[in-house]
Structures are given as C-alpha cells and as structure tokens.
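Pasted below: start-v1.txt, compact mmCIF, C-alpha atoms and all ligand atoms.
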```txt
# COMPACT_ATOMS: atom_id res chain seq x y z
CA MET A 56 0.00 0.00 0.00
CA SER A 57 1.41 3.38 -0.87
CA LEU A 58 0.81 6.40 1.25
CA GLU A 59 0.25 8.99 -1.41
CA THR A 60 -0.79 12.53 -0.74
CA PRO A 61 -4.55 12.35 -0.15
CA VAL A 62 -6.66 13.83 -2.91
CA THR A 63 -7.77 17.22 -1.70
CA THR A 64 -10.98 18.83 -2.77
CA ARG A 65 -10.17 22.39 -3.74
CA GLU A 66 -11.57 25.15 -1.64
CA LYS A 67 -14.09 27.24 -3.53
CA VAL A 68 -13.10 30.77 -4.49
CA ARG A 69 -15.56 33.41 -3.25
CA VAL A 70 -16.56 35.50 -6.24
CA PHE A 71 -18.79 38.54 -6.67
CA VAL A 72 -19.97 39.78 -10.06
CA THR A 73 -20.73 43.42 -10.83
CA GLY A 74 -21.41 45.50 -13.93
CA SER A 75 -22.77 44.34 -17.26
CA CYS A 76 -21.64 43.30 -20.72
CA ASP A 77 -22.79 40.88 -23.39
CA GLY A 78 -22.48 37.30 -22.26
CA LEU A 79 -22.14 38.15 -18.56
CA ALA A 80 -25.48 36.70 -17.51
CA GLU A 81 -24.65 33.35 -19.15
CA LEU A 82 -21.19 33.31 -17.60
CA ARG A 83 -22.63 34.11 -14.17
CA GLU A 84 -24.98 31.16 -14.43
CA ALA A 85 -22.22 28.82 -15.52
CA LEU A 86 -19.98 29.97 -12.66
CA GLY A 87 -22.86 29.56 -10.21
CA ARG A 88 -22.94 25.86 -11.12
CA HIS A 89 -19.16 25.40 -11.06
CA SER A 90 -17.75 23.31 -8.21
CA GLU A 91 -14.70 25.55 -7.67
CA VAL A 92 -16.58 28.82 -7.42
CA GLU A 93 -18.77 30.14 -4.64
CA MET A 94 -20.97 32.79 -6.19
CA VAL A 95 -21.43 35.18 -3.27
CA GLY A 96 -23.74 37.47 -5.24
CA TRP A 97 -24.04 39.90 -8.11
CA SER A 98 -25.41 43.32 -8.97
CA ASP A 99 -25.31 45.63 -11.98
CA GLY A 100 -24.26 48.69 -10.00
CA VAL A 101 -21.26 48.71 -7.70
CA ASN A 102 -22.89 50.81 -4.99
CA GLU A 103 -25.97 48.61 -4.73
CA SER A 104 -23.78 45.89 -3.28
CA ALA A 105 -21.42 48.06 -1.24
CA ALA A 106 -21.90 46.11 2.01
CA THR A 107 -21.15 42.74 0.42
CA LEU A 108 -18.18 44.11 -1.47
CA THR A 109 -16.76 45.42 1.80
CA GLY A 110 -17.70 42.68 4.23
CA GLY A 111 -18.18 39.62 2.06
CA HIS A 112 -14.74 38.04 2.30
CA LEU A 113 -14.51 38.15 -1.45
CA GLN A 114 -11.50 36.62 -3.11
CA VAL A 115 -12.18 37.90 -6.60
CA VAL A 116 -14.51 40.50 -8.14
CA LEU A 117 -15.56 40.01 -11.76
CA HIS A 118 -16.62 43.28 -13.31
CA GLY A 119 -18.37 43.47 -16.68
CA THR A 120 -18.02 46.70 -18.61
CA ARG A 121 -19.47 48.13 -21.81
CA SER A 122 -16.78 50.77 -21.96
CA SER A 123 -14.38 50.48 -24.89
CA GLY A 124 -11.57 51.96 -22.77
CA LEU A 125 -10.59 51.39 -19.17
CA PRO A 126 -13.66 52.06 -16.95
CA GLU A 127 -11.74 54.10 -14.38
CA ASP A 128 -14.78 55.38 -12.49
CA GLU A 129 -16.25 51.90 -12.19
CA LEU A 130 -12.94 50.52 -10.92
CA ALA A 131 -12.59 53.39 -8.47
CA SER A 132 -16.00 52.66 -6.97
CA ILE A 133 -15.10 49.00 -6.58
CA ARG A 134 -11.85 50.01 -4.86
CA GLU A 135 -13.80 52.16 -2.39
CA HIS A 136 -15.21 48.94 -1.01
CA THR A 137 -12.71 46.16 -1.53
CA GLN A 138 -9.07 45.42 -2.25
CA SER A 139 -9.92 42.01 -3.74
CA PRO A 140 -8.41 41.31 -7.16
CA VAL A 141 -10.62 42.48 -10.04
CA ILE A 142 -11.01 40.68 -13.35
CA LEU A 143 -12.51 42.88 -16.06
CA LEU A 144 -14.91 41.31 -18.50
CA ALA A 145 -15.84 42.96 -21.77
CA SER A 146 -17.27 41.86 -25.08
CA GLY A 147 -16.23 42.67 -28.62
CA GLU A 148 -12.99 44.32 -29.62
CA ALA A 149 -12.05 46.40 -26.57
CA SER A 150 -8.45 46.73 -27.75
CA ALA A 151 -8.04 50.12 -26.05
CA LEU A 152 -9.24 48.52 -22.84
CA LEU A 153 -6.68 45.72 -23.11
CA GLU A 154 -3.88 48.22 -23.64
CA GLN A 155 -4.86 50.49 -20.75
CA ALA A 156 -5.54 47.61 -18.37
CA LEU A 157 -1.86 46.65 -18.51
CA GLU A 158 -1.06 49.64 -16.32
CA ALA A 159 -4.20 49.46 -14.19
CA ASP A 160 -5.01 47.81 -10.88
CA VAL A 161 -6.76 44.82 -12.48
CA SER A 162 -5.64 41.21 -12.42
CA ASP A 163 -6.89 40.20 -15.82
CA VAL A 164 -9.10 41.17 -18.74
CA LEU A 165 -11.23 38.58 -20.49
CA LEU A 166 -13.22 39.19 -23.64
CA LEU A 167 -16.49 37.26 -23.66
CA PRO A 168 -17.55 34.72 -24.72
CA GLN A 169 -15.02 32.45 -23.01
CA MET A 170 -14.98 28.81 -22.00
CA THR A 171 -16.08 28.66 -18.38
CA GLU A 172 -12.92 26.71 -17.50
CA ASN A 173 -10.76 29.57 -18.80
CA VAL A 174 -12.59 32.01 -16.59
CA VAL A 175 -12.30 29.70 -13.59
CA PHE A 176 -8.57 29.42 -14.22
CA ALA A 177 -8.26 33.23 -14.30
CA ILE A 178 -10.31 33.42 -11.08
CA ARG A 179 -8.09 30.90 -9.29
CA LYS A 180 -4.98 32.70 -10.46
CA ALA A 181 -6.29 36.10 -9.37
CA SER A 182 -7.33 34.74 -5.97
CA ARG A 183 -3.78 33.56 -5.37
CA THR A 184 -2.18 36.90 -6.13
CA GLY A 185 -4.81 38.47 -3.89
CA GLN A 186 -3.65 36.31 -1.01
CA ARG A 187 0.00 37.02 -1.41
CA PRO A 188 1.21 40.19 -3.08
CA ALA A 189 4.30 39.55 -5.19
CA GLY A 190 7.53 39.77 -3.25
CA LYS A 191 5.84 39.82 0.14
CA PRO A 192 6.34 37.06 2.69
CA ALA A 193 3.46 34.66 3.23
CA LYS A 194 3.18 35.49 6.94
CA ARG A 195 -0.23 36.69 7.94
CA GLY A 196 -1.62 37.17 11.44
CA ARG A 197 -5.10 35.98 12.25
CA VAL A 198 -7.92 38.35 13.02
CA VAL A 199 -10.25 37.24 15.83
CA THR A 200 -13.20 39.62 16.15
CA VAL A 201 -15.35 39.63 19.29
CA PHE A 202 -18.84 40.89 18.51
CA SER A 203 -22.30 40.98 20.00
CA PRO A 204 -25.31 42.95 18.80
CA LYS A 205 -26.18 43.79 22.41
CA GLY A 206 -24.34 45.99 24.88
CA GLY A 207 -22.95 44.58 28.10
CA THR A 208 -22.81 40.94 26.99
CA GLY A 209 -19.12 40.64 27.84
CA LYS A 210 -17.32 41.54 24.60
CA THR A 211 -14.63 43.61 26.28
CA VAL A 212 -14.11 41.21 29.16
CA ILE A 213 -13.72 38.34 26.70
CA SER A 214 -11.54 40.19 24.18
CA THR A 215 -9.13 41.61 26.79
CA ASN A 216 -8.75 38.27 28.54
CA LEU A 217 -8.49 36.32 25.30
CA ALA A 218 -5.78 38.69 24.05
CA ALA A 219 -3.91 38.30 27.35
CA ALA A 220 -4.20 34.50 27.10
CA PHE A 221 -2.90 34.50 23.52
CA THR A 222 0.08 36.50 24.75
CA LYS A 223 0.83 34.72 28.01
CA THR A 224 -0.19 31.10 27.59
CA GLU A 225 0.06 30.68 23.83
CA GLY A 226 3.15 32.86 23.43
CA LYS A 227 1.68 34.73 20.46
CA ARG A 228 2.55 38.25 19.43
CA THR A 229 -0.85 39.76 19.98
CA LEU A 230 -2.50 43.10 19.27
CA LEU A 231 -5.77 44.07 20.92
CA LEU A 232 -7.59 46.56 18.73
CA ASP A 233 -10.42 48.50 20.35
CA LEU A 234 -13.01 49.08 17.66
CA ASP A 235 -15.66 50.25 20.10
CA LEU A 236 -14.68 53.61 18.66
CA GLN A 237 -16.95 55.86 20.71
CA PHE A 238 -16.94 54.27 24.13
CA GLY A 239 -14.13 51.76 24.08
CA ASP A 240 -12.88 50.65 27.47
CA ALA A 241 -10.41 47.89 26.64
CA ALA A 242 -7.46 49.99 27.87
CA ILE A 243 -9.16 50.68 31.21
CA MET A 244 -9.89 47.00 31.72
CA LEU A 245 -6.18 46.39 31.24
CA GLY A 246 -5.34 49.14 33.74
CA LEU A 247 -3.58 51.21 31.06
CA GLU A 248 -3.65 54.93 30.40
CA PRO A 249 -2.27 55.08 26.88
CA GLU A 250 -0.85 58.28 25.47
CA LYS A 251 -1.82 57.43 21.92
CA THR A 252 -4.94 55.94 20.38
CA ILE A 253 -6.17 54.72 17.01
CA TYR A 254 -7.29 58.30 16.36
CA ASP A 255 -3.71 59.62 16.61
CA LEU A 256 -2.60 56.88 14.26
CA VAL A 257 -5.15 57.60 11.54
CA VAL A 258 -4.64 61.39 11.57
CA ALA A 259 -0.83 61.12 11.51
CA PRO A 260 0.61 62.05 8.11
CA GLY A 261 2.27 59.52 5.83
CA GLU A 262 1.74 55.92 4.76
CA LEU A 263 1.06 53.38 7.47
CA ASP A 264 3.60 50.61 7.88
CA SER A 265 4.61 48.21 10.68
CA GLU A 266 7.11 50.64 12.14
CA LYS A 267 4.61 53.44 12.30
CA LEU A 268 2.00 51.16 13.86
CA ALA A 269 4.49 50.19 16.56
CA GLY A 270 4.83 53.87 17.47
CA TYR A 271 1.14 54.09 18.38
CA THR A 272 0.52 50.90 20.33
CA THR A 273 0.84 50.63 24.11
CA ARG A 274 2.42 47.62 25.75
CA HIS A 275 0.75 45.90 28.68
CA PRO A 276 3.15 44.36 31.24
CA SER A 277 2.05 40.92 29.97
CA GLY A 278 3.61 41.74 26.59
CA LEU A 279 0.25 42.34 24.92
CA ASP A 280 0.04 45.39 22.63
CA ILE A 281 -3.11 47.47 22.51
CA LEU A 282 -4.34 50.11 20.11
CA PRO A 283 -7.02 51.88 22.15
CA ALA A 284 -10.20 53.60 21.00
CA PRO A 285 -10.18 57.41 20.60
CA VAL A 286 -10.42 59.35 23.85
CA ARG A 287 -13.26 61.58 22.59
CA PRO A 288 -16.34 59.93 21.01
CA GLU A 289 -16.50 62.60 18.27
CA ASP A 290 -13.06 61.54 16.99
CA ALA A 291 -14.43 58.12 16.06
CA GLU A 292 -15.65 59.22 12.66
CA LEU A 293 -12.13 59.88 11.42
CA VAL A 294 -11.39 56.18 11.76
CA THR A 295 -12.77 55.31 8.34
CA GLU A 296 -13.30 52.03 6.61
CA THR A 297 -10.30 52.61 4.33
CA LYS A 298 -8.01 53.48 7.25
CA LEU A 299 -9.09 50.37 9.08
CA SER A 300 -8.54 48.11 6.09
CA ARG A 301 -4.98 49.34 5.79
CA LEU A 302 -4.42 49.12 9.54
CA LEU A 303 -5.44 45.48 9.63
CA GLU A 304 -3.31 44.63 6.62
CA VAL A 305 -0.27 46.14 8.33
CA ALA A 306 -1.10 44.61 11.73
CA ARG A 307 -1.27 41.17 10.13
CA GLU A 308 2.34 41.51 9.09
CA SER A 309 3.55 42.35 12.61
CA TYR A 310 1.38 40.13 14.82
CA ASP A 311 0.38 36.48 15.06
CA VAL A 312 -3.07 37.37 16.32
CA ILE A 313 -5.16 40.54 16.26
CA VAL A 314 -8.07 40.46 18.69
CA VAL A 315 -10.71 43.08 17.87
CA ASP A 316 -13.16 44.33 20.50
CA THR A 317 -16.24 45.92 18.95
CA SER A 318 -19.41 47.91 19.54
CA PRO A 319 -22.85 46.45 18.87
CA PHE A 320 -23.12 47.96 15.36
CA PHE A 321 -22.27 47.05 11.78
CA HIS A 322 -20.62 50.39 10.88
CA GLY A 323 -18.16 50.92 8.02
CA PRO A 324 -14.94 50.09 9.92
CA MET A 325 -16.67 47.00 11.31
CA LEU A 326 -17.48 45.84 7.77
CA ALA A 327 -13.85 46.34 6.80
CA THR A 328 -12.88 44.27 9.85
CA LEU A 329 -15.36 41.52 9.01
CA ASP A 330 -13.80 41.31 5.57
CA ARG A 331 -10.51 40.39 7.21
CA THR A 332 -11.87 38.35 10.10
CA ASP A 333 -10.70 34.76 10.34
CA GLU A 334 -12.84 33.95 13.35
CA LEU A 335 -15.86 35.86 14.56
CA LEU A 336 -16.77 35.26 18.18
CA LEU A 337 -20.45 36.07 18.49
CA VAL A 338 -21.15 36.63 22.17
CA CYS A 339 -24.55 35.54 23.41
CA GLY A 340 -26.10 35.41 26.87
CA LEU A 341 -28.91 33.48 28.49
CA ASP A 342 -31.55 36.15 28.05
CA VAL A 343 -34.29 36.56 25.49
CA PRO A 344 -33.44 40.10 24.21
CA THR A 345 -29.80 39.15 23.58
CA LEU A 346 -30.87 35.93 21.90
CA LYS A 347 -33.26 37.85 19.64
CA ASN A 348 -30.50 40.27 18.62
CA VAL A 349 -27.93 37.53 18.06
CA ARG A 350 -30.40 35.84 15.76
CA LEU A 351 -30.82 39.09 13.84
CA ALA A 352 -27.04 39.51 13.72
CA LEU A 353 -26.70 36.03 12.20
CA GLN A 354 -29.20 37.04 9.51
CA THR A 355 -27.30 40.27 8.83
CA LEU A 356 -24.03 38.36 8.59
CA GLU A 357 -25.67 36.09 6.04
CA LEU A 358 -26.85 39.11 4.03
CA LEU A 359 -23.30 40.44 4.14
CA ALA A 360 -22.17 37.07 2.81
CA PHE A 361 -19.91 36.55 5.83
CA PRO A 362 -18.80 32.89 5.71
CA GLN A 363 -20.79 30.93 8.27
CA ASN A 364 -17.91 28.58 9.00
CA ARG A 365 -16.02 31.48 10.57
CA ILE A 366 -18.68 32.18 13.19
CA ARG A 367 -18.17 30.79 16.73
CA VAL A 368 -21.01 31.39 19.15
CA VAL A 369 -19.77 32.09 22.67
CA LEU A 370 -22.23 31.66 25.52
CA ASN A 371 -21.19 34.03 28.28
CA ARG A 372 -22.33 33.53 31.87
CA ALA A 373 -23.30 30.05 30.70
CA ASN A 374 -23.74 28.70 34.22
CA SER A 375 -26.29 31.31 35.32
CA LYS A 376 -29.50 29.79 36.63
CA VAL A 377 -31.97 31.93 34.75
CA GLY A 378 -34.42 29.43 33.35
CA MET A 379 -32.77 29.06 29.96
CA LYS A 380 -30.47 26.29 28.78
CA ARG A 381 -27.71 26.03 26.20
CA SER A 382 -29.86 23.68 24.12
CA GLU A 383 -32.57 26.34 23.92
CA VAL A 384 -30.03 28.91 22.73
CA GLU A 385 -28.80 26.50 20.06
CA GLY A 386 -32.37 25.73 19.03
CA ALA A 387 -33.29 29.40 18.69
CA LEU A 388 -30.11 30.32 16.79
CA GLU A 389 -29.92 27.13 14.75
CA VAL A 390 -26.17 27.25 15.40
CA LYS A 391 -24.14 25.25 17.92
CA VAL A 392 -22.47 27.02 20.84
CA ARG A 393 -18.70 26.66 20.36
CA PHE A 394 -17.42 28.07 23.65
CA GLU A 395 -18.98 28.45 27.09
CA VAL A 396 -17.70 31.05 29.54
CA PRO A 397 -18.98 30.85 33.13
CA SER A 398 -20.13 33.73 35.24
CA ASP A 399 -17.39 34.26 37.77
CA ARG A 400 -16.92 36.67 40.67
CA ALA A 401 -13.27 36.96 39.68
CA VAL A 402 -14.34 38.93 36.59
CA PRO A 403 -15.87 42.09 38.11
CA ILE A 404 -13.10 42.13 40.73
CA ALA A 405 -10.45 41.96 38.01
CA VAL A 406 -12.27 44.58 35.92
CA ASN A 407 -12.26 47.02 38.82
CA ARG A 408 -8.59 46.38 39.51
CA GLY A 409 -7.70 46.84 35.85
CA ASN A 410 -5.97 43.49 35.60
CA PRO A 411 -7.42 40.75 33.37
CA ALA A 412 -8.73 37.79 35.37
CA VAL A 413 -6.79 35.37 33.21
CA LEU A 414 -3.59 36.95 34.59
CA ALA A 415 -4.72 37.95 38.10
CA GLU A 416 -6.75 34.81 38.88
CA ALA A 417 -5.33 32.13 36.64
CA GLY A 418 -7.10 29.37 38.59
CA ALA A 419 -10.61 30.87 38.26
CA ASP A 420 -13.16 28.95 36.17
CA PHE A 421 -13.50 31.97 33.89
CA SER A 422 -9.74 32.01 33.25
CA LYS A 423 -9.72 28.30 32.43
CA ALA A 424 -12.53 28.82 29.91
CA ILE A 425 -10.65 31.68 28.26
CA ARG A 426 -7.44 29.64 27.99
CA GLU A 427 -9.43 26.80 26.39
CA MET A 428 -10.84 29.32 23.95
CA ALA A 429 -7.38 30.64 23.04
CA LYS A 430 -6.24 27.07 22.46
CA GLY A 431 -9.38 26.23 20.44
CA LEU A 432 -8.79 29.22 18.17
CA GLN A 433 -5.41 28.02 16.95
CA PRO A 434 -5.06 28.06 13.19
CA ALA A 435 -6.26 24.95 11.41
CA GLU A 436 -2.83 24.77 9.72
CA VAL A 437 -1.34 23.49 12.97
CA ALA A 438 -3.68 20.53 13.00
CA LYS A 439 -3.19 19.97 9.29
CA GLY A 440 0.58 20.18 9.65
CA GLN A 441 0.54 17.58 12.40
CA LYS A 442 -1.61 15.30 10.29
CA ARG A 443 0.66 15.72 7.32
CA GLY A 444 3.47 14.32 9.42
CA LEU A 445 1.70 10.96 9.40
CA PHE A 446 1.97 10.73 5.65
CA LYS A 447 5.65 11.22 5.03
CA ARG A 448 6.26 11.95 1.41
CA SER A 449 9.23 10.39 -0.27
N1 LIG B 1 -18.35 35.82 32.62
C1 LIG B 1 -18.58 36.88 33.41
N2 LIG B 1 -18.63 36.73 34.76
C2 LIG B 1 -18.86 37.78 35.56
N3 LIG B 1 -19.06 39.02 35.12
C3 LIG B 1 -19.02 39.26 33.82
C4 LIG B 1 -18.77 38.20 32.88
N4 LIG B 1 -18.79 38.73 31.65
C5 LIG B 1 -19.03 40.04 31.79
N5 LIG B 1 -19.16 40.37 33.08
C6 LIG B 1 -19.42 41.69 33.65
O1 LIG B 1 -20.28 42.40 32.80
C7 LIG B 1 -19.82 43.70 32.60
C8 LIG B 1 -20.00 44.08 31.15
O2 LIG B 1 -19.07 43.34 30.38
P1 LIG B 1 -18.32 44.01 29.15
O3 LIG B 1 -17.95 45.41 29.44
O4 LIG B 1 -17.26 43.08 28.74
O5 LIG B 1 -19.51 43.99 28.09
P2 LIG B 1 -19.48 44.60 26.62
O6 LIG B 1 -20.24 43.66 25.77
O7 LIG B 1 -18.10 44.94 26.23
O8 LIG B 1 -20.32 45.93 26.84
P3 LIG B 1 -20.39 47.23 25.88
O9 LIG B 1 -21.31 46.85 24.77
O10 LIG B 1 -20.94 48.28 26.77
O11 LIG B 1 -19.00 47.50 25.41
C9 LIG B 1 -18.35 43.74 33.02
O12 LIG B 1 -18.07 44.85 33.79
C10 LIG B 1 -18.13 42.48 33.78
O13 LIG B 1 -17.86 42.73 35.12
MG MG B 2 -17.25 46.72 25.54
```
Translate this file's structure into structure tokens.
Ligand SMILES: Nc1ncnc2c1ncn2[C@@H]1O[C@H](COP(=O)(O)OP(=O)(O)OP(=O)(O)O)[C@@H](O)[C@H]1O
Ligand SMILES: [Mg+2]
Amino acid sequence: MSLETPVTTREKVRVFVTGSCDGLAELREALGRHSEVEMVGWSDGVNESAATLTGGHLQVVLHGTRSSGLPEDELASIREHTQSPVILLASGEASALLEQALEADVSDVLLLPQMTENVVFAIRKASRTGQRPAGKPAKRGRVVTVFSPKGGTGKTVISTNLAAAFTKTEGKRTLLLDLDLQFGDAAIMLGLEPEKTIYDLVVAPGELDSEKLAGYTTRHPSGLDILPAPVRPEDAELVTETKLSRLLEVARESYDVIVVDTSPFFHGPMLATLDRTDELLLVCGLDVPTLKNVRLALQTLELLAFPQNRIRVVLNRANSKVGMKRSEVEGALEVKVRFEVPSDRAVPIAVNRGNPAVLAEAGADFSKAIREMAKGLQPAEVAKGQKRGLFKRS
C-alpha cells in the first residue's frame, strides 16, 4: 500500500460579479454551477452591493463593462469597497481597454464569450495573487473579532482576557484593537492609560507601515500590545473604513493574532474588519433580548455574505441559573455554541482592579474557559501540519 498525498478537494473561491456586458449573464450562471466557485452574489451597479463588497470576504470580483476603454470610475468605486483582485470582463474588440488595463489595478481582462474553464482558471490565479502580493512574505496574522449585537454581553471582558491569554499562555505576538470607537474601554480593563490611540494613528501624516503602527501601540506588562479607542467619542468618525482596512493589513504583518473588540453595530470600519476576520466570536447570553439580537445579527451576517464557518457562538455567563439552557439557545439560533464562559466573581473584581482575570486569577473557572478558547482558536494549519506528518512523502 502506498501512502500517497490524499486527494484534496479544492476550496471554492468566493466570487462577486458586478457591472454588465454581453455574455455576462450566461457566464454568471455557468460559474454559479461550477464546483470551484462560490458565487457570493451579483449586482449591476457597484454601490448597490457596497456592504457585500466590503464585508463579504470576497477573493475575486468580476466586473463586466461596456466601456471600450478602461472604466476608471467603475474601478474606483469597486476600490472604495474592496481590495480584492478584479477581473474585467468585456465583449467585442475592446483593444483600447486591453492596452490600458496593462497599467491598471486589475488582475486580468477577459473578452467574452469564453470557455467557463478559462474564466475559472483566471479566477483561481487572481485569488492567489490576492492572497500574497508579489515579493511579500506569506506570513499573515489571524484576526479574531469579538462581537455581540447587544451591549454589556461581555465583549470587552472576553476580548481583553483572550488577548492576554494568547500573549501569556500561547506565546503569540498579539494586538488588541479597540473598535468600540466611541466608548471603548479595553485599555481601562487592562489598567492602562495610553498616550496614543487609534485616532492619533489615523490622523498622523504619511503611509502606514509596521514601524509606524508600533509607534502608536501601548504595551501591557504581559507583553500584549493594545491600540485603544479614541479618547473623545467625536473623533471616532475619522477612523474610516479605508483606514481600518490598511491598519489590519499592516497589523497582520507584525502580529500572530489581532483580537478586535467591537461595539454592537455594523458600521463601516466594522465591515472592513469583518472582511478580514478569520474567526468571529459572536457573544450571546442566556436572556431573550440578547438571543433575539444575536439571531438578527446572524441574519445580517448572512446578508453580508460573511462565511458561516467562521462564526463561533460564545455563551457568556453560561452557568447562570436563569431558566434558559444552552440547548434552547442553540435551538433558537440554529447554530451550535462553540465556547462556554462561566459567570465568575473573579471577573468584576479583576475589571475594577484593571488586571485581566486570566492573569490575576489564573485558577478561576472563567480564566480556564478563556485559555481553552485561546487554544481552540489556533489556526487549522497546525492541526493539518501535524496530520501531514503521518503521511511522510518520499
Ligand atoms: N463571565 C462573566 N462573569 C462575571 N461578570 C461578567 C462576565 N462577563 C461580563 N461580566 C461583567 O459584565 C460587565 C459588562 O461586560 P463588558 O464590558 O465586557 O460587556 P461589553 O459587551 O463589552 O459591553 P459594551 O457593549 O458596553 O462595550 C463587566 O463589567 C463584567 O464585570
Ligand atoms: Mg465593551
């Protein structure tokens, strides 16, 4: 018996189609049936689908154009929402378009009609360059976003402690990003009084790079870095979607993990974050209003085309005796709870002392649950890598 590399089914590429040109409707249908493509959605106008373009985890955008030259305005509106690679589709001659596209920010130009397999090849190729810009190392930190559509469910407690656990027990270079832009309190929960915030970073002149980012983060004694929310709520609006996209791209180069604390809203910067989120912790509690809102949030995430396999429901205060059980939560949400976090007296005490429970009270049940969570959120590659070791290739 030979131990050959197991046949792997290819992961589907998430594609969105915009614009119009002859043959586009037929191509869209053919791609919709293709096993290597996940058709996330389509729309004629770019702005009609702004939310999906921004938050939909797209790997490639196909854009049909009737312009005989390069459709600069159309491309610019796509770029307002996503940095995903764009393949232009046109019909007819379009020779001026081909010439101008050489210099433009597009991955490919295809003149329709085309064999579906040719288009799928171009899509796969574009999705690869999108993952790894030429000349850049493959290293990419993971983004773990902690969200709940309801206030006070424990987002900040969980994100601060999780970030501390990633740093201390998992030995990861970790950044905690406070995206509760108006009333963020992650720094306070860590007992820090930072001199600089995300606001100072985004208004500072010049391109953002890793070095510049390092100048604006504050280090917690545990080794965890934090980029706090603006001090004044009115400064939040300067932290735009575009700034946040760039910030996360840069942070991924410097850190192993970026934990994002959030507010209960799907605002622009949040959509940009969702687009780069590897794991979304959706915090739920054992109460009917929270459950109702979490259900609505799941529907919104579906509308935004956020991949469902990246959602992890976290049941906070799971041990509270309040007449509702985990199974009822799972039944109402139609999603399994992935992590349970108990209600623990150590938490409010730690919050008031400004020292995360996972560091101050390592033996508390809450701290154990958070460490389990940090361990459970390790990249799948680790598991795959270990498995691969079983099948030594000659
Ligand atoms: N597992 C827990 N055990 C005990 N207390 C908890 C637990 N989780 C949260 N709390 C308490 O609930 C309070 C609110 O939690 P937290 O600030 O993390 O919520 P939030 O979702 O970030 O709220 P907001 O939407 O206002 O930012 C905290 O001060 C904390 O003391
Ligand atoms: Mg909070």
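Take the candidates A:Arg83, A:Arg274, A:His112, A:Arg179 and check each one against Glu357 (chain A) using all atoms listed in the file; the shortest distance goes to A:His112.
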**Message:** Report as a ChimeraX atom specification all protein, DNA and RNA residues lying within 8 Å of Ile281 (chain A), evaluated on only C-alpha atoms, omitting residues in the same chain fewer than 3 positions from it.
**Reply:** /A:230-233,242,272-275
**Request:** Give me the residues within 10 Å of Leu351 (chain A) as an NGL selection string, counting all atoms listed in the file and dropping any in the same chain fewer than 5 places off.
**Result:** :A and (204 or 345-346 or 356-357 or 388)
Could the residues in this selection be saved with C-alpha atoms as a JSON list (two decimals), keeping the file's coordinate frame?
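For reference, result24.json as written:
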```json
[["chain", "number", "residue", "atom", "x", "y", "z"],
["A", 204, "PRO", "CA", -25.31, 42.95, 18.80],
["A", 345, "THR", "CA", -29.80, 39.15, 23.58],
["A", 346, "LEU", "CA", -30.87, 35.93, 21.90],
["A", 356, "LEU", "CA", -24.03, 38.36, 8.59],
["A", 357, "GLU", "CA", -25.67, 36.09, 6.04],
["A", 388, "LEU", "CA", -30.11, 30.32, 16.79]]
```
**Item:** Exercise answer, 6 Å around ligand LIG 1 (chain B) with all atoms listed in the file, as a list in words
**Value:**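 I would give the residues around ligand LIG 1 (chain B) as Gly206, Gly207, Thr208, Gly209, Lys210, Thr211, Val212, Ser318, Asn371, Arg372, Val396, Pro397, Ser398, Asp399, Arg400, Val402, Pro403 and Val406 of chain A.
With all atoms listed in the file as the basis for measurement, A:Ser214 is the residue among A:Ser214, A:Thr200, A:Asn102, A:Thr137 that approaches ligand MG 2 (chain B) most closely.
With only C-alpha atoms as the atoms that count, the minimum distance from Ala360 (chain A) to the choices A:Val258, A:Val116, A:Val161, A:Leu329 is reached by A:Leu329.
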**Asked** In Å, with one decimal, what is the gap from CA of Met428 (chain A) to CA of Leu217 (chain A)?
**Response** 7.5 Å
**Request:** Work out how far apart CA of Thr229 (chain A) and CA of Asp311 (chain A) are and give it in Å to one decimal.
**Result:** 6.0 Å
**Item:** Distance in Å - CA of Ile366 (chain A) versus CA of Val201 (chain A)
**Value:**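 Result for CA of Ile366 (chain A) versus CA of Val201 (chain A): 10.2 Å, one decimal.
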**Request:** Pull the neighbourhood of (-22.1, 27.7, -11.2) for me: all residues within 12 Å in file coordinates, counting all atoms listed in the file, as a ChimeraX atom specification.
**Result:** /A:67-70,80-96,171-172,174-175
